[in-house]
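Enquirer: See final_10.json below, with JSON, C-alpha atoms and all ligand atoms.
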```
[["chain", "number", "residue", "atom", "x", "y", "z"],
["A", 1, "MET", "CA", -11.17, 105.50, -56.12],
["A", 2, "SER", "CA", -7.84, 107.32, -56.04],
["A", 3, "ARG", "CA", -4.43, 105.59, -56.19],
["A", 4, "ASN", "CA", -5.81, 102.54, -57.99],
["A", 5, "LEU", "CA", -7.44, 101.12, -54.91],
["A", 6, "SER", "CA", -9.70, 98.39, -56.06],
["A", 7, "ALA", "CA", -12.91, 97.41, -54.35],
["A", 8, "ALA", "CA", -12.04, 93.82, -55.18],
["A", 9, "ASP", "CA", -8.94, 94.01, -52.99],
["A", 10, "ILE", "CA", -10.29, 94.37, -49.51],
["A", 11, "ILE", "CA", -7.72, 93.66, -46.81],
["A", 12, "LEU", "CA", -9.97, 94.13, -43.77],
["A", 13, "ARG", "CA", -13.68, 93.50, -43.32],
["A", 14, "ILE", "CA", -15.37, 94.81, -40.22],
["A", 15, "GLU", "CA", -18.88, 93.39, -39.99],
["A", 16, "ASN", "CA", -21.66, 94.29, -37.54],
["A", 17, "VAL", "CA", -19.21, 94.99, -34.75],
["A", 18, "ASN", "CA", -20.54, 95.97, -31.32],
["A", 19, "ARG", "CA", -18.61, 96.71, -28.15],
["A", 20, "THR", "CA", -20.11, 97.70, -24.81],
["A", 21, "TYR", "CA", -18.02, 98.17, -21.67],
["A", 22, "TYR", "CA", -19.51, 96.89, -18.42],
["A", 23, "ASP", "CA", -18.31, 97.60, -14.93],
["A", 24, "ASN", "CA", -19.02, 95.48, -11.90],
["A", 25, "SER", "CA", -22.00, 97.51, -10.74],
["A", 26, "ASP", "CA", -24.30, 97.01, -13.72],
["A", 27, "ASN", "CA", -23.34, 100.26, -15.43],
["A", 28, "HIS", "CA", -22.43, 100.10, -19.05],
["A", 29, "VAL", "CA", -21.16, 102.28, -21.88],
["A", 30, "GLU", "CA", -22.07, 101.37, -25.41],
["A", 31, "ALA", "CA", -18.85, 102.36, -27.17],
["A", 32, "LEU", "CA", -19.44, 100.96, -30.67],
["A", 33, "SER", "CA", -22.71, 100.09, -32.32],
["A", 34, "ASN", "CA", -23.01, 98.08, -35.50],
["A", 35, "ILE", "CA", -19.79, 99.09, -37.23],
["A", 36, "ASN", "CA", -19.47, 97.96, -40.84],
["A", 37, "LEU", "CA", -16.38, 98.97, -42.77],
["A", 38, "ASN", "CA", -14.22, 97.58, -45.57],
["A", 39, "VAL", "CA", -10.62, 98.73, -45.82],
["A", 40, "TYR", "CA", -8.78, 98.45, -49.14],
["A", 41, "ARG", "CA", -5.25, 97.13, -49.51],
["A", 42, "GLY", "CA", -2.73, 99.97, -49.66],
["A", 43, "GLU", "CA", -5.29, 102.52, -48.54],
["A", 44, "PHE", "CA", -4.67, 105.43, -46.16],
["A", 45, "LEU", "CA", -7.86, 105.62, -44.12],
["A", 46, "SER", "CA", -8.55, 108.12, -41.36],
["A", 47, "ILE", "CA", -11.16, 107.88, -38.63],
["A", 48, "ILE", "CA", -12.41, 111.13, -37.20],
["A", 49, "GLY", "CA", -14.95, 111.86, -34.47],
["A", 50, "SER", "CA", -15.35, 113.61, -31.15],
["A", 51, "SER", "CA", -13.62, 112.53, -27.95],
["A", 52, "GLY", "CA", -15.12, 109.34, -26.52],
["A", 53, "CYS", "CA", -16.86, 108.24, -29.74],
["A", 54, "GLY", "CA", -15.05, 104.90, -29.77],
["A", 55, "LYS", "CA", -12.06, 105.47, -32.09],
["A", 56, "THR", "CA", -9.47, 103.84, -29.81],
["A", 57, "THR", "CA", -11.94, 101.05, -29.06],
["A", 58, "LEU", "CA", -12.23, 100.32, -32.78],
["A", 59, "LEU", "CA", -8.46, 100.43, -33.33],
["A", 60, "ARG", "CA", -7.86, 98.09, -30.38],
["A", 61, "LEU", "CA", -10.34, 95.61, -31.87],
["A", 62, "ILE", "CA", -8.47, 95.70, -35.19],
["A", 63, "ALA", "CA", -5.17, 95.24, -33.33],
["A", 64, "GLY", "CA", -6.63, 92.20, -31.56],
["A", 65, "LEU", "CA", -6.04, 93.81, -28.16],
["A", 66, "ASP", "CA", -9.76, 93.55, -27.42],
["A", 67, "LYS", "CA", -12.68, 91.43, -28.66],
["A", 68, "PRO", "CA", -16.05, 92.58, -29.99],
["A", 69, "GLU", "CA", -19.20, 91.48, -28.21],
["A", 70, "SER", "CA", -20.67, 90.54, -31.52],
["A", 71, "GLY", "CA", -19.68, 90.85, -35.14],
["A", 72, "SER", "CA", -16.39, 90.01, -36.78],
["A", 73, "LEU", "CA", -13.12, 91.50, -37.97],
["A", 74, "ILE", "CA", -11.53, 89.62, -40.85],
["A", 75, "LEU", "CA", -8.04, 90.36, -42.11],
["A", 76, "ASP", "CA", -7.16, 88.74, -45.42],
["A", 77, "GLY", "CA", -9.81, 86.08, -44.92],
["A", 78, "GLU", "CA", -8.85, 85.28, -41.33],
["A", 79, "GLN", "CA", -10.71, 86.25, -38.19],
["A", 80, "ILE", "CA", -8.68, 88.54, -35.91],
["A", 81, "THR", "CA", -8.35, 86.74, -32.59],
["A", 82, "GLY", "CA", -5.35, 88.43, -30.96],
["A", 83, "PRO", "CA", -2.39, 90.72, -31.56],
["A", 84, "ASP", "CA", 0.07, 89.88, -34.32],
["A", 85, "PRO", "CA", 3.22, 91.54, -35.69],
["A", 86, "GLU", "CA", 1.42, 91.86, -39.03],
["A", 87, "ARG", "CA", -0.56, 94.67, -37.38],
["A", 88, "GLY", "CA", 1.67, 97.51, -36.15],
["A", 89, "TYR", "CA", 0.21, 99.81, -33.49],
["A", 90, "VAL", "CA", 1.23, 103.31, -32.52],
["A", 91, "PHE", "CA", -0.41, 104.13, -29.21],
["A", 92, "GLN", "CA", -2.32, 107.32, -28.39],
["A", 93, "HIS", "CA", 0.05, 108.13, -25.56],
["A", 94, "GLY", "CA", 3.43, 107.26, -27.03],
["A", 95, "GLY", "CA", 4.13, 103.95, -25.41],
["A", 96, "LEU", "CA", 7.90, 103.77, -25.90],
["A", 97, "PHE", "CA", 9.79, 101.56, -23.47],
["A", 98, "GLN", "CA", 11.39, 104.17, -21.23],
["A", 99, "TRP", "CA", 14.22, 101.85, -20.18],
["A", 100, "LEU", "CA", 15.33, 101.12, -23.75],
["A", 101, "THR", "CA", 17.34, 103.34, -26.10],
["A", 102, "VAL", "CA", 15.97, 104.58, -29.42],
["A", 103, "GLU", "CA", 17.60, 101.76, -31.37],
["A", 104, "LYS", "CA", 16.50, 99.13, -28.88],
["A", 105, "ASN", "CA", 12.92, 100.42, -28.93],
["A", 106, "ILE", "CA", 12.90, 100.14, -32.71],
["A", 107, "ALA", "CA", 14.43, 96.66, -32.58],
["A", 108, "THR", "CA", 11.90, 95.17, -30.12],
["A", 109, "GLY", "CA", 9.59, 93.80, -32.83],
["A", 110, "LEU", "CA", 12.48, 92.04, -34.55],
["A", 111, "LYS", "CA", 13.72, 90.61, -31.26],
["A", 112, "ALA", "CA", 10.25, 89.34, -30.38],
["A", 113, "ARG", "CA", 10.21, 87.44, -33.67],
["A", 114, "HIS", "CA", 13.83, 86.24, -33.16],
["A", 115, "VAL", "CA", 14.95, 87.83, -36.42],
["A", 116, "TYR", "CA", 17.07, 90.65, -35.02],
["A", 117, "ARG", "CA", 20.55, 89.34, -35.92],
["A", 118, "GLU", "CA", 19.83, 89.09, -39.64],
["A", 119, "ASN", "CA", 18.01, 92.45, -39.65],
["A", 120, "LYS", "CA", 20.37, 94.73, -37.71],
["A", 121, "GLU", "CA", 20.86, 96.80, -40.84],
["A", 122, "LYS", "CA", 17.11, 97.44, -41.00],
["A", 123, "VAL", "CA", 17.23, 99.20, -37.61],
["A", 124, "LYS", "CA", 19.91, 101.53, -38.98],
["A", 125, "ASN", "CA", 17.88, 102.19, -42.10],
["A", 126, "PHE", "CA", 14.81, 103.10, -40.10],
["A", 127, "ILE", "CA", 16.80, 105.43, -37.84],
["A", 128, "GLU", "CA", 18.05, 107.17, -40.95],
["A", 129, "LEU", "CA", 14.58, 107.26, -42.51],
["A", 130, "ILE", "CA", 13.06, 108.98, -39.47],
["A", 131, "GLY", "CA", 15.99, 111.40, -39.22],
["A", 132, "LEU", "CA", 17.33, 110.24, -35.85],
["A", 133, "ASN", "CA", 20.94, 109.62, -36.76],
["A", 134, "GLY", "CA", 23.11, 110.36, -33.73],
["A", 135, "PHE", "CA", 20.27, 109.56, -31.29],
["A", 136, "GLU", "CA", 20.57, 105.76, -31.46],
["A", 137, "LYS", "CA", 21.73, 105.49, -27.85],
["A", 138, "ALA", "CA", 19.41, 108.15, -26.43],
["A", 139, "PHE", "CA", 16.63, 107.15, -24.04],
["A", 140, "PRO", "CA", 13.04, 108.34, -24.62],
["A", 141, "HIS", "CA", 13.31, 111.03, -21.93],
["A", 142, "GLN", "CA", 16.31, 112.51, -23.76],
["A", 143, "ILE", "CA", 14.51, 113.14, -27.05],
["A", 144, "SER", "CA", 11.67, 115.47, -28.01],
["A", 145, "GLY", "CA", 7.99, 114.47, -28.27],
["A", 146, "GLY", "CA", 8.12, 114.60, -32.06],
["A", 147, "MET", "CA", 11.22, 112.43, -32.17],
["A", 148, "ALA", "CA", 9.59, 109.95, -29.80],
["A", 149, "GLN", "CA", 6.55, 109.71, -32.09],
["A", 150, "ARG", "CA", 8.81, 109.01, -35.06],
["A", 151, "VAL", "CA", 10.51, 106.25, -33.03],
["A", 152, "ALA", "CA", 7.10, 104.77, -32.20],
["A", 153, "ILE", "CA", 6.17, 104.78, -35.89],
["A", 154, "ALA", "CA", 9.49, 103.15, -36.87],
["A", 155, "ARG", "CA", 9.04, 100.55, -34.12],
["A", 156, "ALA", "CA", 5.62, 99.66, -35.52],
["A", 157, "LEU", "CA", 6.82, 99.57, -39.14],
["A", 158, "ILE", "CA", 9.97, 97.52, -38.73],
["A", 159, "ASN", "CA", 8.08, 94.23, -38.87],
["A", 160, "ASN", "CA", 6.73, 95.26, -42.24],
["A", 161, "PRO", "CA", 3.13, 94.99, -41.07],
["A", 162, "LYS", "CA", 0.22, 94.53, -43.45],
["A", 163, "LEU", "CA", -1.64, 97.15, -41.46],
["A", 164, "LEU", "CA", -0.35, 100.12, -39.50],
["A", 165, "LEU", "CA", -2.75, 101.38, -36.84],
["A", 166, "LEU", "CA", -2.07, 104.91, -35.63],
["A", 167, "ASP", "CA", -3.99, 106.31, -32.67],
["A", 168, "GLU", "CA", -3.58, 110.09, -32.76],
["A", 169, "PRO", "CA", 0.20, 109.80, -33.07],
["A", 170, "MET", "CA", 0.55, 113.55, -33.51],
["A", 171, "GLY", "CA", -1.98, 114.65, -30.94],
["A", 172, "ALA", "CA", 0.40, 116.46, -28.62],
["A", 173, "LEU", "CA", 2.73, 118.01, -31.18],
["A", 174, "ASP", "CA", 3.16, 121.56, -32.46],
["A", 175, "SER", "CA", 2.02, 122.23, -36.02],
["A", 176, "PHE", "CA", 5.52, 122.26, -37.57],
["A", 177, "THR", "CA", 6.45, 118.90, -36.07],
["A", 178, "ARG", "CA", 3.05, 117.55, -37.06],
["A", 179, "ALA", "CA", 3.52, 118.60, -40.67],
["A", 180, "ASP", "CA", 6.97, 117.02, -40.67],
["A", 181, "ILE", "CA", 5.69, 113.68, -39.34],
["A", 182, "GLN", "CA", 2.70, 113.76, -41.69],
["A", 183, "ASP", "CA", 5.06, 114.01, -44.65],
["A", 184, "LYS", "CA", 7.19, 111.22, -43.22],
["A", 185, "LEU", "CA", 4.09, 109.04, -42.90],
["A", 186, "LEU", "CA", 3.11, 109.74, -46.51],
["A", 187, "GLN", "CA", 6.62, 108.84, -47.64],
["A", 188, "LEU", "CA", 6.56, 105.57, -45.67],
["A", 189, "HIS", "CA", 3.11, 104.81, -47.03],
["A", 190, "ARG", "CA", 4.25, 105.41, -50.60],
["A", 191, "GLU", "CA", 7.45, 103.39, -50.23],
["A", 192, "ASN", "CA", 6.08, 100.37, -48.37],
["A", 193, "ASN", "CA", 2.50, 100.40, -49.62],
["A", 194, "THR", "CA", 1.39, 99.55, -46.08],
["A", 195, "THR", "CA", -2.32, 99.91, -45.42],
["A", 196, "MET", "CA", -2.68, 102.64, -42.79],
["A", 197, "ILE", "CA", -5.56, 103.43, -40.45],
["A", 198, "LEU", "CA", -5.15, 106.71, -38.62],
["A", 199, "VAL", "CA", -7.32, 108.00, -35.80],
["A", 200, "THR", "CA", -7.26, 111.77, -35.52],
["A", 201, "HIS", "CA", -9.18, 114.76, -34.20],
["A", 202, "ASP", "CA", -7.66, 116.95, -36.86],
["A", 203, "VAL", "CA", -9.76, 117.46, -40.00],
["A", 204, "ASP", "CA", -6.88, 119.02, -41.96],
["A", 205, "GLU", "CA", -4.60, 116.12, -41.09],
["A", 206, "ALA", "CA", -7.23, 113.62, -42.24],
["A", 207, "ILE", "CA", -7.70, 115.40, -45.59],
["A", 208, "TYR", "CA", -3.98, 115.93, -46.12],
["A", 209, "LEU", "CA", -3.16, 112.24, -45.68],
["A", 210, "SER", "CA", -6.12, 110.08, -46.54],
["A", 211, "ASP", "CA", -7.73, 108.30, -49.45],
["A", 212, "ARG", "CA", -10.93, 108.11, -47.38],
["A", 213, "VAL", "CA", -12.13, 109.67, -44.15],
["A", 214, "VAL", "CA", -14.58, 107.85, -41.86],
["A", 215, "ILE", "CA", -16.73, 110.19, -39.78],
["A", 216, "MET", "CA", -18.10, 108.76, -36.54],
["A", 217, "THR", "CA", -21.02, 109.87, -34.37],
["A", 218, "PRO", "CA", -20.60, 110.30, -30.61],
["A", 219, "ARG", "CA", -21.57, 107.56, -28.16],
["A", 220, "PRO", "CA", -22.50, 105.01, -29.16],
["A", 221, "GLY", "CA", -19.93, 105.25, -31.94],
["A", 222, "LYS", "CA", -21.41, 104.59, -35.35],
["A", 223, "ILE", "CA", -20.12, 105.38, -38.79],
["A", 224, "SER", "CA", -22.10, 108.34, -40.01],
["A", 225, "GLU", "CA", -20.35, 108.87, -43.33],
["A", 226, "ILE", "CA", -17.32, 107.85, -45.39],
["A", 227, "MET", "CA", -15.81, 110.55, -47.59],
["A", 228, "GLU", "CA", -13.47, 109.92, -50.45],
["A", 229, "ILE", "CA", -10.72, 112.51, -50.83],
["A", 230, "GLY", "CA", -9.91, 112.50, -54.51],
["A", 231, "LEU", "CA", -7.14, 115.13, -54.44],
["A", 232, "PRO", "CA", -3.72, 114.32, -55.94],
["A", 233, "HIS", "CA", -0.59, 114.44, -53.74],
["A", 234, "PRO", "CA", 1.08, 116.64, -52.63],
["A", 235, "ARG", "CA", -2.01, 118.34, -51.28],
["A", 236, "HIS", "CA", -2.20, 122.05, -50.58],
["A", 237, "ARG", "CA", -3.87, 122.87, -47.29],
["A", 238, "GLY", "CA", -4.89, 126.31, -48.51],
["A", 239, "GLY", "CA", -6.21, 125.12, -51.89],
["A", 240, "SER", "CA", -9.86, 125.78, -52.73],
["A", 241, "GLU", "CA", -10.78, 122.09, -53.14],
["A", 242, "PHE", "CA", -9.05, 121.27, -49.86],
["A", 243, "LEU", "CA", -10.98, 124.00, -48.08],
["A", 244, "SER", "CA", -14.29, 122.94, -49.56],
["A", 245, "ILE", "CA", -13.75, 119.31, -48.43],
["A", 246, "ARG", "CA", -12.79, 120.71, -45.03],
["A", 247, "ARG", "CA", -16.01, 122.70, -44.79],
["A", 248, "SER", "CA", -18.04, 119.69, -45.79],
["A", 249, "ILE", "CA", -16.38, 117.40, -43.18],
["A", 250, "LEU", "CA", -16.83, 120.01, -40.45],
["A", 251, "GLU", "CA", -20.53, 120.28, -41.33],
["A", 252, "LYS", "CA", -20.91, 116.51, -41.27],
["A", 253, "LEU", "CA", -19.12, 116.30, -37.92],
["A", 254, "GLN", "CA", -21.46, 118.91, -36.54],
["A", 255, "LEU", "CA", -24.47, 117.06, -37.89],
["A", 256, "ALA", "CA", -23.13, 113.81, -36.47],
["A", 257, "SER", "CA", -22.75, 115.28, -33.00],
["A", 258, "ALA", "CA", -26.21, 116.84, -33.15],
["A", 259, "MET", "CA", -27.79, 113.38, -33.42],
["A", 260, "PRO", "CA", -29.65, 112.29, -30.30],
["A", 261, "GLN", "CA", -27.30, 110.45, -27.98],
["A", 262, "PRO", "CA", -28.37, 107.98, -25.35],
["A", 263, "GLU", "CA", -26.76, 108.90, -22.04],
["A", 264, "TYR", "CA", -24.77, 106.66, -19.77],
["A", 265, "ASN", "CA", -26.99, 103.98, -18.43],
["A", 266, "ILE", "CA", -26.47, 104.48, -14.71],
["A", 301, "LIG", "N1", -11.71, 99.97, -20.64],
["A", 301, "LIG", "C1", -12.83, 100.70, -20.61],
["A", 301, "LIG", "N2", -13.77, 100.49, -19.65],
["A", 301, "LIG", "C2", -14.93, 101.19, -19.63],
["A", 301, "LIG", "N3", -15.25, 102.15, -20.53],
["A", 301, "LIG", "C3", -14.35, 102.41, -21.50],
["A", 301, "LIG", "C4", -13.10, 101.70, -21.60],
["A", 301, "LIG", "N4", -12.42, 102.17, -22.67],
["A", 301, "LIG", "C5", -13.21, 103.13, -23.20],
["A", 301, "LIG", "N5", -14.36, 103.27, -22.52],
["A", 301, "LIG", "C6", -15.48, 104.19, -22.85],
["A", 301, "LIG", "O1", -15.87, 103.92, -24.18],
["A", 301, "LIG", "C7", -16.09, 105.13, -24.88],
["A", 301, "LIG", "C8", -15.18, 105.18, -26.10],
["A", 301, "LIG", "O2", -13.84, 105.31, -25.66],
["A", 301, "LIG", "P1", -12.60, 105.42, -26.66],
["A", 301, "LIG", "O3", -11.38, 105.45, -25.86],
["A", 301, "LIG", "O4", -12.73, 104.36, -27.70],
["A", 301, "LIG", "O5", -12.92, 106.85, -27.32],
["A", 301, "LIG", "P2", -12.04, 107.73, -28.33],
["A", 301, "LIG", "O6", -12.92, 108.04, -29.49],
["A", 301, "LIG", "O7", -10.75, 107.07, -28.61],
["A", 301, "LIG", "O8", -11.81, 109.07, -27.47],
["A", 301, "LIG", "P3", -10.56, 110.10, -27.50],
["A", 301, "LIG", "O9", -10.71, 110.87, -28.79],
["A", 301, "LIG", "O10", -10.79, 110.95, -26.31],
["A", 301, "LIG", "O11", -9.30, 109.31, -27.43],
["A", 301, "LIG", "C9", -15.87, 106.24, -23.90],
["A", 301, "LIG", "O12", -17.13, 106.63, -23.39],
["A", 301, "LIG", "C10", -15.03, 105.63, -22.81],
["A", 301, "LIG", "O13", -15.33, 106.20, -21.57],
["A", 302, "MG", "MG", -8.79, 107.55, -28.21]]
```
Once you've parsed the file, please lay out its structure as structure tokens.

Expert:
Amino acid sequence: MSRNLSAADIILRIENVNRTYYDNSDNHVEALSNINLNVYRGEFLSIIGSSGCGKTTLLRLIAGLDKPESGSLILDGEQITGPDPERGYVFQHGGLFQWLTVEKNIATGLKARHVYRENKEKVKNFIELIGLNGFEKAFPHQISGGMAQRVAIARALINNPKLLLLDEPMGALDSFTRADIQDKLLQLHRENNTTMILVTHDVDEAIYLSDRVVIMTPRPGKISEIMEIGLPHPRHRGGSEFLSIRRSILEKLQLASAMPQPEYNI
């Protein structure tokens, strides 16, 4: 495996996880079916699959924001039973506190843990790292979408989490801003050695960033394949190896979505 990731050093074990959503009129949606996945310490892992295949559901289970119906999620030997600052989460739809400034948004994690006073400098460092000097006192509506996403990433990283969970953090951004944030993420990953799990629709983004890419099938979400991306960094999006991996993932995604899918049970 690339970047000296060792199979012996598994940070997260996801075992036989199932999640079905029920409503109050006997309808149900089987969102995840028998998910088994090991995540290595320090790894950059991406999860890719069509809309509605259960990616956010899986990320929320890892965050402890939701519970599986059966199966278990074990982080460093301990069952995940609820949210914890050791797992940072960047939400699919931003999720900044609109009534707080950039610096206050970033500081929320520290304040929640009552360690803000001794870590004020850290907030400054993060603002610098994400290139938002001069915008400390701006409110979310006064900054661009790309800046807001960088604030959300800094807010999640400031607690130095073991795991950073990213739910399509670049979904709504133009390709230049995306590329900029992707490089920032790689830099943060390199410097902090945080294990990162990224949900994305974007095959190129997954290949550019990841050590491994998990391909999911549509409803009910299952893992259809895990691909190792052995390319050295920095990766070249136009390179022949990159393009051949891209072709192969696109084929696998197509195959995955061609599998028979049970419909909603109405
Ligand atoms: N709270 C909920 N109640 C009922 N059904 C839900 C709930 N959350 C998700 N679902 C259903 O579970 C399935 C998986 O949803 P999920 O949000 O995990 O998909 P996703 O892969 O993140 O999709 P997208 O790429 O569009 O964000 C979908 O069919 C969705 O309608
Ligand atoms: Mg989602």

Enquirer: What is the atom CA of A:Gln142 to atom CA of A:Arg87 distance in Å?

Expert: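 Atom CA of A:Arg87 lies at a distance of 28.1 Å from atom CA of A:Gln142.
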
Enquirer: Which residue gives the smallest distance to A:Leu209 among A:Ser46, A:Asn24, A:Thr108, A:Gln79, with all atoms listed in the file counted?

Expert: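 Using all atoms listed in the file, A:Leu209 sits closest to A:Ser46.
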
Enquirer: Leaving out A:Leu186 and any residue of its chain fewer than 3 positions from it, which residues lie within 12 Å of it when counting only C-alpha atoms, given as a list in words?

Expert: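 Close residues of A:Leu186: Gly42, Glu43, Phe44, Leu45, Ala179, Asp180, Ile181, Gln182, Asp183, His189, Arg190, Glu191, Asn192, Asn193, Thr194, Thr195, Met196, Leu198, Glu205, Ala206, Tyr208, Leu209, Ser210, Asp211, His233, Pro234 and Arg235 of chain A.
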
Enquirer: Just the selected residues (C-alpha atoms), exported as a compact mmCIF listing (two decimals), keeping the file's coordinate frame, please.

Expert:
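Writing the result to selection-v2.txt gives the following:
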```
# COMPACT_ATOMS: atom_id res chain seq x y z
CA GLY A 42 -2.73 99.97 -49.66
CA GLU A 43 -5.29 102.52 -48.54
CA PHE A 44 -4.67 105.43 -46.16
CA LEU A 45 -7.86 105.62 -44.12
CA ALA A 179 3.52 118.60 -40.67
CA ASP A 180 6.97 117.02 -40.67
CA ILE A 181 5.69 113.68 -39.34
CA GLN A 182 2.70 113.76 -41.69
CA ASP A 183 5.06 114.01 -44.65
CA HIS A 189 3.11 104.81 -47.03
CA ARG A 190 4.25 105.41 -50.60
CA GLU A 191 7.45 103.39 -50.23
CA ASN A 192 6.08 100.37 -48.37
CA ASN A 193 2.50 100.40 -49.62
CA THR A 194 1.39 99.55 -46.08
CA THR A 195 -2.32 99.91 -45.42
CA MET A 196 -2.68 102.64 -42.79
CA LEU A 198 -5.15 106.71 -38.62
CA GLU A 205 -4.60 116.12 -41.09
CA ALA A 206 -7.23 113.62 -42.24
CA TYR A 208 -3.98 115.93 -46.12
CA LEU A 209 -3.16 112.24 -45.68
CA SER A 210 -6.12 110.08 -46.54
CA ASP A 211 -7.73 108.30 -49.45
CA HIS A 233 -0.59 114.44 -53.74
CA PRO A 234 1.08 116.64 -52.63
CA ARG A 235 -2.01 118.34 -51.28
```

Enquirer: My list of candidates is A:Thr177, A:Ser72, A:Thr200, A:Thr217. Which is closest to ligand MG 302 (chain A) when distances are computed with only C-alpha atoms and all ligand atoms?

Expert: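 Among A:Thr177, A:Ser72, A:Thr200, A:Thr217, it is A:Thr200 that comes nearest to ligand MG 302 (chain A).
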
Enquirer: Throw together the list of residues within 12 Å of ligand MG 302 (chain A), counting all atoms listed in the file, and drop it here as a PDB file with C-alpha atoms, keeping the file's coordinate frame.

Expert:
```
ATOM      1  CA  ALA A  31     -18.850 102.360 -27.170  1.00  0.00           C
ATOM      2  CA  ILE A  47     -11.160 107.880 -38.630  1.00  0.00           C
ATOM      3  CA  ILE A  48     -12.410 111.130 -37.200  1.00  0.00           C
ATOM      4  CA  GLY A  49     -14.950 111.860 -34.470  1.00  0.00           C
ATOM      5  CA  SER A  50     -15.350 113.610 -31.150  1.00  0.00           C
ATOM      6  CA  SER A  51     -13.620 112.530 -27.950  1.00  0.00           C
ATOM      7  CA  GLY A  52     -15.120 109.340 -26.520  1.00  0.00           C
ATOM      8  CA  CYS A  53     -16.860 108.240 -29.740  1.00  0.00           C
ATOM      9  CA  GLY A  54     -15.050 104.900 -29.770  1.00  0.00           C
ATOM     10  CA  LYS A  55     -12.060 105.470 -32.090  1.00  0.00           C
ATOM     11  CA  THR A  56      -9.470 103.840 -29.810  1.00  0.00           C
ATOM     12  CA  THR A  57     -11.940 101.050 -29.060  1.00  0.00           C
ATOM     13  CA  LEU A  58     -12.230 100.320 -32.780  1.00  0.00           C
ATOM     14  CA  LEU A  59      -8.460 100.430 -33.330  1.00  0.00           C
ATOM     15  CA  ARG A  60      -7.860  98.090 -30.380  1.00  0.00           C
ATOM     16  CA  VAL A  90       1.230 103.310 -32.520  1.00  0.00           C
ATOM     17  CA  PHE A  91      -0.410 104.130 -29.210  1.00  0.00           C
ATOM     18  CA  GLN A  92      -2.320 107.320 -28.390  1.00  0.00           C
ATOM     19  CA  HIS A  93       0.050 108.130 -25.560  1.00  0.00           C
ATOM     20  CA  LEU A 166      -2.070 104.910 -35.630  1.00  0.00           C
ATOM     21  CA  ASP A 167      -3.990 106.310 -32.670  1.00  0.00           C
ATOM     22  CA  GLU A 168      -3.580 110.090 -32.760  1.00  0.00           C
ATOM     23  CA  PRO A 169       0.200 109.800 -33.070  1.00  0.00           C
ATOM     24  CA  GLY A 171      -1.980 114.650 -30.940  1.00  0.00           C
ATOM     25  CA  LEU A 198      -5.150 106.710 -38.620  1.00  0.00           C
ATOM     26  CA  VAL A 199      -7.320 108.000 -35.800  1.00  0.00           C
ATOM     27  CA  THR A 200      -7.260 111.770 -35.520  1.00  0.00           C
ATOM     28  CA  HIS A 201      -9.180 114.760 -34.200  1.00  0.00           C
ATOM     29  CA  GLY A 221     -19.930 105.250 -31.940  1.00  0.00           C
TER      30      GLY A 221
END
```

Enquirer: With all atoms listed in the file as the atoms that count, which of A:Leu96, A:Ala156, A:Arg117, A:Gly109 lies nearest to A:His141?

Expert: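 Residue with the minimum atom-to-atom distance to A:His141: A:Leu96.
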
Enquirer: For ligand LIG 301 (chain A), take all atoms listed in the file, fit an axis-aligned box around them, add 8 Å to each of the six sides, then output centre and edge lengths in Å rounded to one decimal, as lines of an AutoDock Vina configuration file.

Expert:
```
center_x = -13.2
center_y = 105.5
center_z = -24.6
size_x = 23.8
size_y = 27.0
size_z = 25.9
```
